[in-house]
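The file entry_6.cif contains mmCIF, C-alpha atoms and all ligand atoms:
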```cif
data_work
#
loop_
_atom_site.label_atom_id
_atom_site.label_comp_id
_atom_site.auth_asym_id
_atom_site.auth_seq_id
_atom_site.Cartn_x
_atom_site.Cartn_y
_atom_site.Cartn_z
CA MET O 74 26.14 15.54 -12.64
CA GLU O 75 24.24 15.78 -9.39
CA ASN O 76 25.76 14.50 -6.18
CA THR O 77 23.66 11.45 -5.25
CA LYS O 78 24.49 11.62 -1.53
CA LEU O 79 21.25 13.36 -0.72
CA THR O 80 19.67 13.69 2.71
CA ALA O 81 16.01 13.61 3.74
CA ARG O 82 16.10 17.40 3.84
CA ASP O 83 16.99 17.47 0.14
CA PHE O 84 13.66 15.81 -0.62
CA ALA O 85 11.65 18.28 1.46
CA PRO O 86 9.50 20.78 -0.46
CA SER O 87 10.34 24.42 -0.95
CA GLN O 88 6.71 25.35 -0.26
CA PRO O 89 4.58 25.00 2.91
CA VAL O 90 2.78 21.70 3.41
CA LYS O 91 -0.96 22.33 3.55
CA TRP O 92 -2.46 19.57 5.66
CA CYS O 93 -4.38 20.08 8.91
CA PRO O 94 -2.24 20.26 12.05
CA GLY O 95 -1.95 16.75 13.49
CA CYS O 96 -2.66 14.97 10.18
CA GLY O 97 -1.00 11.54 9.95
CA ASP O 98 0.24 12.43 6.46
CA PHE O 99 3.07 14.56 7.90
CA ALA O 100 4.77 11.59 9.56
CA ILE O 101 4.49 9.45 6.43
CA LEU O 102 5.90 12.27 4.32
CA ALA O 103 8.96 12.54 6.59
CA GLN O 104 9.55 8.79 6.23
CA VAL O 105 9.27 8.94 2.44
CA HIS O 106 11.89 11.74 2.36
CA LYS O 107 14.20 9.55 4.46
CA THR O 108 13.60 6.46 2.36
CA MET O 109 14.34 8.29 -0.88
CA ALA O 110 17.56 9.68 0.57
CA ALA O 111 18.58 6.18 1.69
CA MET O 112 17.93 4.76 -1.80
CA GLY O 113 20.70 7.02 -3.06
CA LEU O 114 19.18 7.99 -6.41
CA PRO O 115 19.30 11.57 -7.68
CA HIS O 116 16.10 13.65 -7.61
CA GLU O 117 15.31 13.15 -11.27
CA LYS O 118 15.12 9.36 -10.95
CA TYR O 119 12.03 9.57 -8.75
CA VAL O 120 8.46 10.25 -9.82
CA VAL O 121 5.59 10.58 -7.35
CA VAL O 122 2.14 10.15 -8.89
CA SER O 123 -1.16 10.76 -7.13
CA GLY O 124 -4.89 11.06 -7.77
CA ILE O 125 -7.19 13.42 -5.87
CA GLY O 126 -7.62 13.85 -2.12
CA CYS O 127 -5.69 15.26 0.82
CA SER O 128 -3.15 12.42 0.63
CA SER O 129 -2.91 13.01 -3.11
CA ARG O 130 -1.30 16.42 -2.53
CA PHE O 131 1.84 14.42 -1.84
CA PRO O 132 3.74 15.09 -5.12
CA TYR O 133 3.92 18.82 -4.23
CA TYR O 134 5.72 17.92 -1.03
CA VAL O 135 8.50 15.77 -2.40
CA ASN O 136 11.36 17.41 -4.23
CA THR O 137 11.32 15.06 -7.24
CA TYR O 138 9.35 14.82 -10.46
CA GLY O 139 5.66 14.31 -9.81
CA VAL O 140 2.22 14.18 -11.37
CA HIS O 141 -0.95 15.22 -9.52
CA SER O 142 -3.24 13.32 -11.87
CA ILE O 143 -7.00 12.69 -11.89
CA HIS O 144 -9.23 11.00 -9.37
CA GLY O 145 -8.44 7.27 -9.07
CA ARG O 146 -6.16 7.18 -12.10
CA ALA O 147 -2.72 7.37 -10.50
CA PRO O 148 -1.95 3.67 -11.13
CA ALA O 149 -2.62 4.12 -14.87
CA VAL O 150 -0.48 7.26 -15.16
CA ALA O 151 2.28 5.68 -13.08
CA SER O 152 2.17 2.46 -15.14
CA GLY O 153 2.79 4.47 -18.30
CA ILE O 154 5.73 6.27 -16.71
CA LYS O 155 7.31 3.07 -15.38
CA LEU O 156 6.87 1.26 -18.69
CA SER O 157 8.40 4.07 -20.71
CA ASN O 158 11.42 4.27 -18.41
CA PRO O 159 11.84 1.28 -16.05
CA GLU O 160 14.90 2.91 -14.47
CA LEU O 161 12.70 5.41 -12.66
CA SER O 162 11.58 4.76 -9.10
CA VAL O 163 7.85 5.40 -9.42
CA TRP O 164 5.73 5.97 -6.31
CA VAL O 165 1.94 6.13 -6.23
CA VAL O 166 0.33 7.92 -3.30
CA THR O 167 -3.39 7.42 -2.93
CA GLY O 168 -6.18 7.39 -0.34
CA ASP O 169 -8.81 4.78 0.49
CA GLY O 170 -11.38 6.77 -1.54
CA ASP O 171 -9.13 7.59 -4.48
CA GLY O 172 -7.47 4.19 -4.72
CA LEU O 173 -10.32 1.84 -3.84
CA SER O 174 -13.54 3.58 -4.81
CA ILE O 175 -13.26 5.47 -8.10
CA GLY O 176 -9.81 3.96 -8.70
CA GLY O 177 -10.45 0.38 -7.60
CA ASN O 178 -10.42 -0.97 -11.13
CA HIS O 179 -7.15 0.76 -12.01
CA MET O 180 -5.59 -0.38 -8.77
CA LEU O 181 -6.42 -4.02 -9.30
CA HIS O 182 -4.99 -4.16 -12.80
CA ALA O 183 -1.76 -2.44 -11.81
CA ILE O 184 -1.32 -4.98 -9.02
CA ARG O 185 -2.16 -8.07 -11.08
CA ARG O 186 0.42 -7.01 -13.70
CA ASN O 187 3.14 -6.81 -11.07
CA ILE O 188 4.33 -3.55 -12.54
CA GLY O 189 7.20 -2.03 -10.56
CA LEU O 190 5.32 0.67 -8.65
CA LYS O 191 5.54 1.51 -4.98
CA ILE O 192 1.89 2.06 -4.06
CA LEU O 193 1.27 3.80 -0.74
CA LEU O 194 -2.41 3.71 0.20
CA PHE O 195 -3.15 6.04 3.10
CA ASN O 196 -6.14 4.56 4.87
CA ASN O 197 -7.98 7.05 7.10
CA ARG O 198 -11.31 5.29 6.50
CA ILE O 199 -12.98 8.47 5.23
CA TYR O 200 -13.09 10.92 2.32
CA ALA O 201 -11.18 13.71 4.01
CA MET O 202 -10.77 16.30 1.28
CA THR O 203 -14.50 16.37 0.54
CA LYS O 204 -15.24 16.68 4.27
CA GLY O 205 -16.21 13.38 5.76
CA GLN O 206 -18.23 11.08 3.52
CA ALA O 207 -18.02 7.29 3.99
CA SER O 208 -15.33 5.56 1.94
CA PRO O 209 -14.95 1.85 1.06
CA THR O 210 -12.92 1.30 4.25
CA THR O 211 -15.29 3.08 6.67
CA GLN O 212 -16.13 0.56 9.37
CA LEU O 213 -19.65 -0.90 9.58
CA GLY O 214 -22.02 1.30 11.57
CA THR O 215 -19.87 4.46 11.46
CA LYS O 216 -21.86 7.71 11.29
CA THR O 217 -20.55 10.01 8.59
CA LYS O 218 -21.94 12.87 6.48
CA THR O 219 -23.33 10.38 3.96
CA THR O 220 -24.31 7.72 6.52
CA PRO O 221 -25.95 9.70 9.34
CA MET O 222 -27.56 6.51 10.74
CA GLY O 223 -24.34 4.49 10.42
CA THR O 224 -22.88 2.83 7.33
CA ILE O 225 -24.43 -0.48 6.23
CA ASP O 226 -21.65 -1.27 3.74
CA TYR O 227 -19.18 -3.99 4.69
CA PRO O 228 -15.76 -2.39 4.58
CA PHE O 229 -12.90 -3.20 2.28
CA ASN O 230 -9.60 -4.59 3.61
CA PRO O 231 -6.89 -3.10 1.35
CA ALA O 232 -4.02 -5.40 2.38
CA ARG O 233 -6.22 -8.47 1.92
CA PHE O 234 -7.37 -7.21 -1.49
CA ALA O 235 -3.74 -6.93 -2.62
CA ILE O 236 -2.87 -10.39 -1.27
CA GLY O 237 -5.91 -11.81 -3.06
CA LEU O 238 -4.49 -10.40 -6.30
CA ASP O 239 -1.20 -12.21 -5.64
CA CYS O 240 0.62 -8.93 -5.16
CA THR O 241 4.31 -9.69 -4.69
CA PHE O 242 4.83 -7.28 -1.77
CA VAL O 243 2.11 -6.35 0.71
CA ALA O 244 2.59 -4.57 4.01
CA ARG O 245 0.64 -2.56 6.59
CA GLY O 246 2.08 0.36 8.54
CA LEU O 247 0.82 2.93 11.02
CA ASP O 248 1.39 6.69 10.82
CA THR O 249 2.53 6.94 14.45
CA ASP O 250 4.88 3.95 14.39
CA MET O 251 7.80 5.40 12.53
CA ALA O 252 10.23 2.54 13.15
CA LEU O 253 7.73 0.13 11.58
CA THR O 254 6.80 2.40 8.67
CA SER O 255 10.45 3.13 7.96
CA ARG O 256 11.33 -0.62 7.81
CA ILE O 257 8.39 -1.26 5.49
CA LEU O 258 9.18 1.63 3.13
CA GLU O 259 12.82 0.63 2.93
CA ARG O 260 11.84 -2.87 1.82
CA ALA O 261 9.15 -1.59 -0.55
CA ALA O 262 11.74 0.73 -2.12
CA GLY O 263 13.96 -2.24 -2.98
CA HIS O 264 11.16 -4.47 -4.29
CA LYS O 265 11.12 -5.23 -8.03
CA GLY O 266 7.41 -5.75 -8.80
CA THR O 267 4.37 -4.05 -7.28
CA ALA O 268 4.88 -3.06 -3.66
CA PHE O 269 1.54 -2.32 -2.03
CA VAL O 270 1.74 -0.60 1.36
CA GLU O 271 -1.39 0.23 3.32
CA ILE O 272 -0.75 2.82 6.03
CA PHE O 273 -3.35 3.49 8.71
CA GLN O 274 -3.50 7.26 8.90
CA LYS O 275 -5.36 9.57 11.20
CA CYS O 276 -7.60 12.36 9.89
CA LEU O 277 -8.26 14.67 12.83
CA PRO O 278 -11.37 16.49 11.55
CA PHE O 279 -13.24 13.54 10.05
CA SER O 280 -12.05 10.23 11.49
CA GLU O 281 -10.72 11.43 14.79
CA LYS O 282 -11.25 8.27 16.82
CA GLU O 283 -9.99 5.79 14.20
CA PHE O 284 -7.01 3.70 15.33
CA ASP O 285 -6.85 5.30 18.81
CA ASP O 286 -6.92 1.94 20.57
CA LEU O 287 -4.08 0.70 18.38
CA LYS O 288 -1.94 3.55 19.72
CA ASP O 289 -3.04 3.46 23.38
CA PRO O 290 -0.05 2.22 25.46
CA GLN O 291 -2.45 0.32 27.78
CA LYS O 292 -4.20 -1.53 24.96
CA LYS O 293 -1.98 -1.67 21.89
CA ASP O 294 0.08 -4.75 22.79
CA ASP O 295 -3.05 -6.88 23.18
CA LEU O 296 -4.80 -5.39 20.15
CA THR O 297 -1.99 -5.58 17.60
CA ILE O 298 0.56 -8.09 16.36
CA LYS O 299 3.82 -7.41 14.50
CA VAL O 300 4.42 -9.86 11.71
CA GLU O 301 8.05 -10.63 10.94
CA HIS O 302 9.47 -13.26 8.60
CA GLY O 303 10.99 -16.17 10.54
CA LYS O 304 9.63 -15.00 13.91
CA PRO O 305 6.84 -16.65 15.95
CA LEU O 306 3.46 -14.96 15.82
CA ILE O 307 3.25 -13.80 19.42
CA PHE O 308 1.70 -10.73 20.99
CA GLY O 309 0.20 -9.35 24.21
CA LYS O 310 1.45 -7.04 26.93
CA ASN O 311 3.29 -9.97 28.50
CA ARG O 312 4.17 -11.59 25.14
CA ASN O 313 2.14 -14.61 26.29
CA LYS O 314 -0.32 -15.06 23.42
CA GLY O 315 0.34 -16.75 20.10
CA ILE O 316 -1.33 -17.61 16.81
CA VAL O 317 -1.88 -21.22 15.80
CA PHE O 318 -3.16 -22.26 12.36
CA ARG O 319 -5.24 -25.46 12.50
CA ASN O 320 -7.12 -26.80 9.48
CA PHE O 321 -6.87 -23.41 7.75
CA ARG O 322 -8.37 -21.68 10.80
CA SER O 323 -6.56 -19.27 13.08
CA GLU O 324 -6.67 -19.63 16.86
CA ILE O 325 -5.14 -17.77 19.78
CA VAL O 326 -3.33 -19.78 22.45
CA GLU O 327 -2.07 -18.45 25.77
CA PHE O 328 1.12 -19.66 27.41
CA GLU O 329 3.58 -18.77 30.12
CA ALA O 330 5.71 -15.83 28.98
CA GLY O 331 9.03 -17.01 27.62
CA SER O 332 8.00 -20.59 26.78
CA ILE O 333 6.44 -20.40 23.33
CA PRO O 334 4.68 -23.68 22.42
CA ALA O 335 5.88 -25.39 19.25
CA GLU O 336 2.37 -25.16 17.76
CA VAL O 337 2.63 -21.33 17.56
CA ALA O 338 3.15 -20.44 13.89
CA VAL O 339 6.43 -19.01 12.67
CA TYR O 340 5.63 -16.35 10.10
CA ASP O 341 6.64 -16.99 6.50
CA GLU O 342 6.19 -13.97 4.24
CA THR O 343 6.69 -16.11 1.12
CA ASN O 344 3.57 -18.15 2.00
CA ALA O 345 0.54 -16.59 0.28
CA GLU O 346 -1.97 -18.61 2.33
CA MET O 347 -0.47 -17.48 5.62
CA ALA O 348 -0.49 -13.89 4.38
CA TYR O 349 -4.16 -14.21 3.44
CA LEU O 350 -5.11 -15.61 6.84
CA ILE O 351 -3.20 -12.99 8.82
CA SER O 352 -4.45 -10.08 6.71
CA GLY O 353 -8.04 -11.05 7.59
CA PHE O 354 -7.49 -10.56 11.33
CA GLN O 355 -10.00 -8.12 12.84
CA ALA O 356 -10.27 -6.85 16.39
CA PRO O 357 -11.57 -7.79 18.90
CA GLU O 358 -11.42 -11.49 17.87
CA PHE O 359 -7.83 -11.25 16.67
CA PRO O 360 -5.04 -8.71 16.98
CA ILE O 361 -4.65 -6.26 14.07
CA PRO O 362 -1.51 -7.22 12.13
CA PHE O 363 1.25 -4.85 10.99
CA GLY O 364 4.46 -5.43 9.07
CA VAL O 365 5.34 -7.17 5.82
CA PHE O 366 2.63 -9.76 5.12
CA ARG O 367 3.89 -10.96 1.76
CA ALA O 368 7.18 -10.70 -0.10
CA SER O 369 7.82 -12.87 -3.11
CA GLU O 370 9.33 -12.61 -6.55
CA LYS O 371 8.15 -13.05 -10.10
CA PRO O 372 9.10 -11.18 -13.28
CA SER O 373 7.72 -7.66 -13.40
CA TYR O 374 5.46 -6.40 -16.18
CA GLU O 375 8.14 -4.08 -17.56
CA GLU O 376 10.66 -6.92 -17.62
CA LEU O 377 8.29 -9.21 -19.56
CA TYR O 378 7.41 -6.36 -21.88
CA TYR O 379 11.00 -5.45 -22.81
CA ASN O 380 11.95 -9.13 -23.14
CA GLN O 381 9.08 -9.60 -25.58
CA VAL O 382 9.99 -6.51 -27.58
CA ALA O 383 13.60 -7.74 -27.82
CA ALA O 384 12.48 -11.25 -28.82
CA VAL O 385 10.11 -10.03 -31.54
CA GLY O 386 12.66 -7.57 -32.88
CA ASP O 387 12.19 -5.16 -35.75
CA THR O 388 10.45 -7.44 -38.27
CA LYS O 389 8.48 -6.16 -41.21
CA GLY O 390 5.70 -8.70 -40.55
CA ASN O 391 4.64 -6.80 -37.45
CA GLU O 392 4.14 -3.45 -39.07
CA LEU O 393 0.78 -1.79 -38.51
CA GLU O 394 0.05 -1.72 -42.22
CA THR O 395 0.42 -5.51 -42.48
CA LEU O 396 -1.93 -5.98 -39.53
CA LEU O 397 -4.54 -3.66 -41.03
CA SER O 398 -4.49 -4.85 -44.63
CA GLY O 399 -2.63 -8.18 -44.54
CA PRO O 400 -4.05 -11.74 -44.79
CA ASP O 401 -5.97 -11.44 -41.49
CA ALA O 402 -7.97 -8.38 -42.62
CA TRP O 403 -11.60 -8.85 -43.77
CA GLU O 404 -14.32 -6.65 -45.04
CA VAL O 405 -18.04 -6.44 -44.06
CA LYS O 406 -20.10 -6.32 -47.28
C1 LIG O 501 -14.34 12.50 -10.80
C2 LIG O 501 -14.36 13.03 -9.39
N1 LIG O 501 -15.29 12.56 -8.52
C3 LIG O 501 -15.30 13.02 -7.25
C4 LIG O 501 -14.42 13.97 -6.83
C5 LIG O 501 -14.49 14.50 -5.43
N2 LIG O 501 -13.43 13.99 -4.56
C6 LIG O 501 -12.28 14.67 -4.41
S1 LIG O 501 -11.25 13.92 -3.31
C7 LIG O 501 -12.36 12.68 -3.02
C8 LIG O 501 -12.11 11.58 -2.01
C9 LIG O 501 -10.74 11.53 -1.47
O1 LIG O 501 -10.69 10.59 -0.44
P1 LIG O 501 -9.40 9.76 -0.12
O2 LIG O 501 -8.84 9.17 -1.35
O3 LIG O 501 -9.73 8.81 0.97
O4 LIG O 501 -8.33 10.86 0.33
P2 LIG O 501 -8.17 11.73 1.64
O5 LIG O 501 -8.70 13.10 1.27
O6 LIG O 501 -8.94 11.08 2.74
O7 LIG O 501 -6.70 11.75 1.88
C10 LIG O 501 -13.51 12.86 -3.79
C11 LIG O 501 -14.68 11.96 -3.76
C12 LIG O 501 -13.45 14.45 -7.76
N3 LIG O 501 -12.54 15.35 -7.43
N4 LIG O 501 -13.46 13.96 -9.03
#
```

Will you turn the file into structure tokens for me?
Ligand SMILES: Cc1ncc(C[n+]2csc(CCOP(=O)(O)OP(=O)(O)O)c2C)c(N)n1
Amino acid sequence: MENTKLTARDFAPSQPVKWCPGCGDFAILAQVHKTMAAMGLPHEKYVVVSGIGCSSRFPYYVNTYGVHSIHGRAPAVASGIKLSNPELSVWVVTGDGDGLSIGGNHMLHAIRRNIGLKILLFNNRIYAMTKGQASPTTQLGTKTKTTPMGTIDYPFNPARFAIGLDCTFVARGLDTDMALTSRILERAAGHKGTAFVEIFQKCLPFSEKEFDDLKDPQKKDDLTIKVEHGKPLIFGKNRNKGIVFRNFRSEIVEFEAGSIPAEVAVYDETNAEMAYLISGFQAPEFPIPFGVFRASEKPSYEELYYNQVAAVGDTKGNELETLLSGPDAWEVK
């Protein structure tokens, strides 16, 4: 029996990690190692499933079971694994191209089922592995290899997509904010249904400037807001700006630091409408939100499935032969 008191180092790979120097994936990987160690399960209880892309090399870099599957299909492969053995902690690692372009359909059905997967979507707003084509999250007007005059596609907002599907856990992290990402992963790890975590992640060769302002010490406090359950929605270098929701519209109010007006909203992660409003925030009109946007509970797919199997039981009436040639069968003549 393996000792389950593992450390982050025990989850590190035995082989070199092949990402470009400075890639945001390294920091996320280190946090996943730590989170798995903190969960206290032995190696064989974890499975990391990915599709195709730089981010999708992840299973090689975690010392657990893993499947490097096919482009966009990680949610389907992971769903099968989770359903066959719900005791496993199943993690999906995907990119904005893998998970939202070719895999968008698979992603949406995994989420709507509330199957117990931890889905980490690394959003670098580009196809990195294939060298810089526009992805569904590339911002309007960005010049890429496939959009030399600037993209004319309106970009996708992954966190908002998940909230729109009533995903029971939705969060957004940032590769350089380890304290934040660590808190999010810890909560995602303990969540029962689908946990969808979007992580903004820098790709040095192909989306070098993305997210720079959100990390700039001079700008970041005015450009971002940390969302925390039960805490007022305030932000700004002097903590003197707040969010007010009036008639289903969001507004920014300014106040004297330290005296937060009562009209400033207190964040409630169980409120789907609030989560939807906050997840739509775009700069420069509104600060970019980070943290846990939504956390709620409903029975997971695997729970409903096994309950149904137990309720139906082993009855002869449900045998395949009866279904194929029983009273409901008919013949085309
Ligand atoms: C069926 C299929 N279509 C296209 C490709 C080419 N392809 C490989 S990775 C990739 C995009 C990966 O982008 P993303 O998911 O954002 O990951 P990143 O490399 O940025 O981490 C594409 C289009 C493929 N491997 N298979």

Each residue of chain O with at least one atom at most 9 Å from ligand LIG 501 (chain O) should appear once, together with its nearest atom pair and the corresponding distance in Å (one decimal); atoms considered: all atoms listed in the file; ordering: chain, then increasing residue number; output as JSON lines.
```
{"residue": "O:Asp98", "atom": "CA", "partner": "O:LIG501", "partner_atom": "O7", "distance": 8.3}
{"residue": "O:Gly124", "atom": "CA", "partner": "O:LIG501", "partner_atom": "O2", "distance": 7.8}
{"residue": "O:Ile125", "atom": "CA", "partner": "O:LIG501", "partner_atom": "S1", "distance": 4.8}
{"residue": "O:Gly126", "atom": "CA", "partner": "O:LIG501", "partner_atom": "O5", "distance": 3.6}
{"residue": "O:Cys127", "atom": "CA", "partner": "O:LIG501", "partner_atom": "O5", "distance": 3.7}
{"residue": "O:Ser128", "atom": "CA", "partner": "O:LIG501", "partner_atom": "O7", "distance": 3.8}
{"residue": "O:Ser129", "atom": "CA", "partner": "O:LIG501", "partner_atom": "O7", "distance": 6.4}
{"residue": "O:Arg130", "atom": "CA", "partner": "O:LIG501", "partner_atom": "O7", "distance": 8.4}
{"residue": "O:Ile143", "atom": "CA", "partner": "O:LIG501", "partner_atom": "N4", "distance": 7.2}
{"residue": "O:His144", "atom": "CA", "partner": "O:LIG501", "partner_atom": "N4", "distance": 5.2}
{"residue": "O:Gly145", "atom": "CA", "partner": "O:LIG501", "partner_atom": "O2", "distance": 8.0}
{"residue": "O:Thr167", "atom": "CA", "partner": "O:LIG501", "partner_atom": "O2", "distance": 5.9}
{"residue": "O:Gly168", "atom": "CA", "partner": "O:LIG501", "partner_atom": "O2", "distance": 3.4}
{"residue": "O:Asp169", "atom": "CA", "partner": "O:LIG501", "partner_atom": "O3", "distance": 4.2}
{"residue": "O:Gly170", "atom": "CA", "partner": "O:LIG501", "partner_atom": "O2", "distance": 3.5}
{"residue": "O:Asp171", "atom": "CA", "partner": "O:LIG501", "partner_atom": "O2", "distance": 3.5}
{"residue": "O:Gly172", "atom": "CA", "partner": "O:LIG501", "partner_atom": "O2", "distance": 6.2}
{"residue": "O:Leu173", "atom": "CA", "partner": "O:LIG501", "partner_atom": "O2", "distance": 7.9}
{"residue": "O:Ser174", "atom": "CA", "partner": "O:LIG501", "partner_atom": "O2", "distance": 8.1}
{"residue": "O:Ile175", "atom": "CA", "partner": "O:LIG501", "partner_atom": "N1", "distance": 7.4}
{"residue": "O:Leu194", "atom": "CA", "partner": "O:LIG501", "partner_atom": "O2", "distance": 8.6}
{"residue": "O:Phe195", "atom": "CA", "partner": "O:LIG501", "partner_atom": "O7", "distance": 6.8}
{"residue": "O:Asn196", "atom": "CA", "partner": "O:LIG501", "partner_atom": "O3", "distance": 6.8}
{"residue": "O:Asn197", "atom": "CA", "partner": "O:LIG501", "partner_atom": "O6", "distance": 6.0}
{"residue": "O:Arg198", "atom": "CA", "partner": "O:LIG501", "partner_atom": "O3", "distance": 6.7}
{"residue": "O:Ile199", "atom": "CA", "partner": "O:LIG501", "partner_atom": "O3", "distance": 5.4}
{"residue": "O:Tyr200", "atom": "CA", "partner": "O:LIG501", "partner_atom": "O1", "distance": 3.7}
{"residue": "O:Ala201", "atom": "CA", "partner": "O:LIG501", "partner_atom": "O6", "distance": 3.7}
{"residue": "O:Met202", "atom": "CA", "partner": "O:LIG501", "partner_atom": "O5", "distance": 3.8}
{"residue": "O:Thr203", "atom": "CA", "partner": "O:LIG501", "partner_atom": "C7", "distance": 5.6}
{"residue": "O:Lys204", "atom": "CA", "partner": "O:LIG501", "partner_atom": "O5", "distance": 8.0}
{"residue": "O:Gly205", "atom": "CA", "partner": "O:LIG501", "partner_atom": "O6", "distance": 8.2}
{"residue": "O:Gln206", "atom": "CA", "partner": "O:LIG501", "partner_atom": "C11", "distance": 8.1}
{"residue": "O:Ala207", "atom": "CA", "partner": "O:LIG501", "partner_atom": "O3", "distance": 9.0}
{"residue": "O:Ser208", "atom": "CA", "partner": "O:LIG501", "partner_atom": "O3", "distance": 6.5}
{"residue": "O:Pro209", "atom": "CA", "partner": "O:LIG501", "partner_atom": "O3", "distance": 8.7}
{"residue": "O:Thr210", "atom": "CA", "partner": "O:LIG501", "partner_atom": "O3", "distance": 8.8}
{"residue": "O:Gln274", "atom": "CA", "partner": "O:LIG501", "partner_atom": "O7", "distance": 8.9}
{"residue": "O:Cys276", "atom": "CA", "partner": "O:LIG501", "partner_atom": "O6", "distance": 7.4}
{"residue": "O:Phe279", "atom": "CA", "partner": "O:LIG501", "partner_atom": "O6", "distance": 8.8}
```

Next item on the list: Name the residues in contact with Ile257 in chain O at a cut-off of 8 Å, using all atoms listed in the file, excluding same-chain residues fewer than 3 positions from it; report them as a count of residues only.
Entry: 10

Distance table requested - range 272-317 of chain O against range 337-341 of chain O, cut-off 6 Å, all atoms listed in the file: one row per qualifying residue with the closest atom pair and its distance in Å to one decimal, ordered by chain and rising residue number, as a tab-separated table.
```
residue	atom	partner	partner_atom	distance
O:His302	CA	O:Asp341	CA	5.1
O:Gly303	CA	O:Tyr340	CA	5.4
O:Lys304	CA	O:Val339	CA	5.3
O:Pro305	CA	O:Val339	CA	4.1
O:Leu306	CA	O:Ala338	CA	5.8
O:Gly315	CA	O:Val337	CA	5.7
O:Ile316	CA	O:Val337	CA	5.5
O:Val317	CA	O:Val337	CA	4.8
```

Notebook entry, point to check: In Å to one decimal, how far is CA of Val165 in chain O from CA of Pro89 in chain O?
Noted result: 21.1 Å

Next item on the list: Take CA of Ser352 in chain O and CA of Leu238 in chain O and report the distance between them in Å, one decimal.
Entry: 13.0 Å

Can you fill out range 333-344 of chain O with N, CA, C and O atoms and hand it back as a PDB file, keeping the file's coordinate frame?
```
ATOM      1  N   ILE O 333       7.353 -20.390  24.479  1.00  0.00           N
ATOM      2  CA  ILE O 333       6.440 -20.400  23.330  1.00  0.00           C
ATOM      3  C   ILE O 333       6.204 -21.851  22.875  1.00  0.00           C
ATOM      4  O   ILE O 333       7.164 -22.547  22.540  1.00  0.00           O
ATOM      5  N   PRO O 334       4.939 -22.302  22.873  1.00  0.00           N
ATOM      6  CA  PRO O 334       4.680 -23.680  22.420  1.00  0.00           C
ATOM      7  C   PRO O 334       5.052 -23.875  20.955  1.00  0.00           C
ATOM      8  O   PRO O 334       4.947 -22.932  20.157  1.00  0.00           O
ATOM      9  N   ALA O 335       5.442 -25.092  20.625  1.00  0.00           N
ATOM     10  CA  ALA O 335       5.880 -25.390  19.250  1.00  0.00           C
ATOM     11  C   ALA O 335       4.757 -25.177  18.249  1.00  0.00           C
ATOM     12  O   ALA O 335       5.002 -24.908  17.071  1.00  0.00           O
ATOM     13  N   GLU O 336       3.503 -25.295  18.698  1.00  0.00           N
ATOM     14  CA  GLU O 336       2.370 -25.160  17.760  1.00  0.00           C
ATOM     15  C   GLU O 336       2.160 -23.712  17.289  1.00  0.00           C
ATOM     16  O   GLU O 336       1.468 -23.468  16.310  1.00  0.00           O
ATOM     17  N   VAL O 337       2.770 -22.740  17.983  1.00  0.00           N
ATOM     18  CA  VAL O 337       2.630 -21.330  17.560  1.00  0.00           C
ATOM     19  C   VAL O 337       3.332 -21.155  16.209  1.00  0.00           C
ATOM     20  O   VAL O 337       4.482 -21.576  16.036  1.00  0.00           O
ATOM     21  N   ALA O 338       2.620 -20.556  15.258  1.00  0.00           N
ATOM     22  CA  ALA O 338       3.150 -20.440  13.890  1.00  0.00           C
ATOM     23  C   ALA O 338       4.362 -19.500  13.821  1.00  0.00           C
ATOM     24  O   ALA O 338       4.401 -18.477  14.512  1.00  0.00           O
ATOM     25  N   VAL O 339       5.302 -19.885  12.978  1.00  0.00           N
ATOM     26  CA  VAL O 339       6.430 -19.010  12.670  1.00  0.00           C
ATOM     27  C   VAL O 339       6.085 -18.346  11.339  1.00  0.00           C
ATOM     28  O   VAL O 339       5.743 -19.043  10.379  1.00  0.00           O
ATOM     29  N   TYR O 340       6.145 -17.029  11.292  1.00  0.00           N
ATOM     30  CA  TYR O 340       5.630 -16.350  10.100  1.00  0.00           C
ATOM     31  C   TYR O 340       6.541 -16.555   8.891  1.00  0.00           C
ATOM     32  O   TYR O 340       7.771 -16.503   8.991  1.00  0.00           O
ATOM     33  N   ASP O 341       5.901 -16.788   7.748  1.00  0.00           N
ATOM     34  CA  ASP O 341       6.640 -16.990   6.500  1.00  0.00           C
ATOM     35  C   ASP O 341       6.039 -16.052   5.443  1.00  0.00           C
ATOM     36  O   ASP O 341       4.956 -16.316   4.916  1.00  0.00           O
ATOM     37  N   GLU O 342       6.739 -14.977   5.161  1.00  0.00           N
ATOM     38  CA  GLU O 342       6.190 -13.970   4.240  1.00  0.00           C
ATOM     39  C   GLU O 342       6.136 -14.444   2.785  1.00  0.00           C
ATOM     40  O   GLU O 342       5.542 -13.783   1.942  1.00  0.00           O
ATOM     41  N   THR O 343       6.757 -15.599   2.496  1.00  0.00           N
ATOM     42  CA  THR O 343       6.690 -16.110   1.120  1.00  0.00           C
ATOM     43  C   THR O 343       5.453 -17.006   0.945  1.00  0.00           C
ATOM     44  O   THR O 343       5.189 -17.485  -0.157  1.00  0.00           O
ATOM     45  N   ASN O 344       4.722 -17.254   2.029  1.00  0.00           N
ATOM     46  CA  ASN O 344       3.570 -18.150   2.000  1.00  0.00           C
ATOM     47  C   ASN O 344       2.288 -17.332   1.810  1.00  0.00           C
ATOM     48  O   ASN O 344       1.823 -16.650   2.722  1.00  0.00           O
TER      49      ASN O 344
END
```
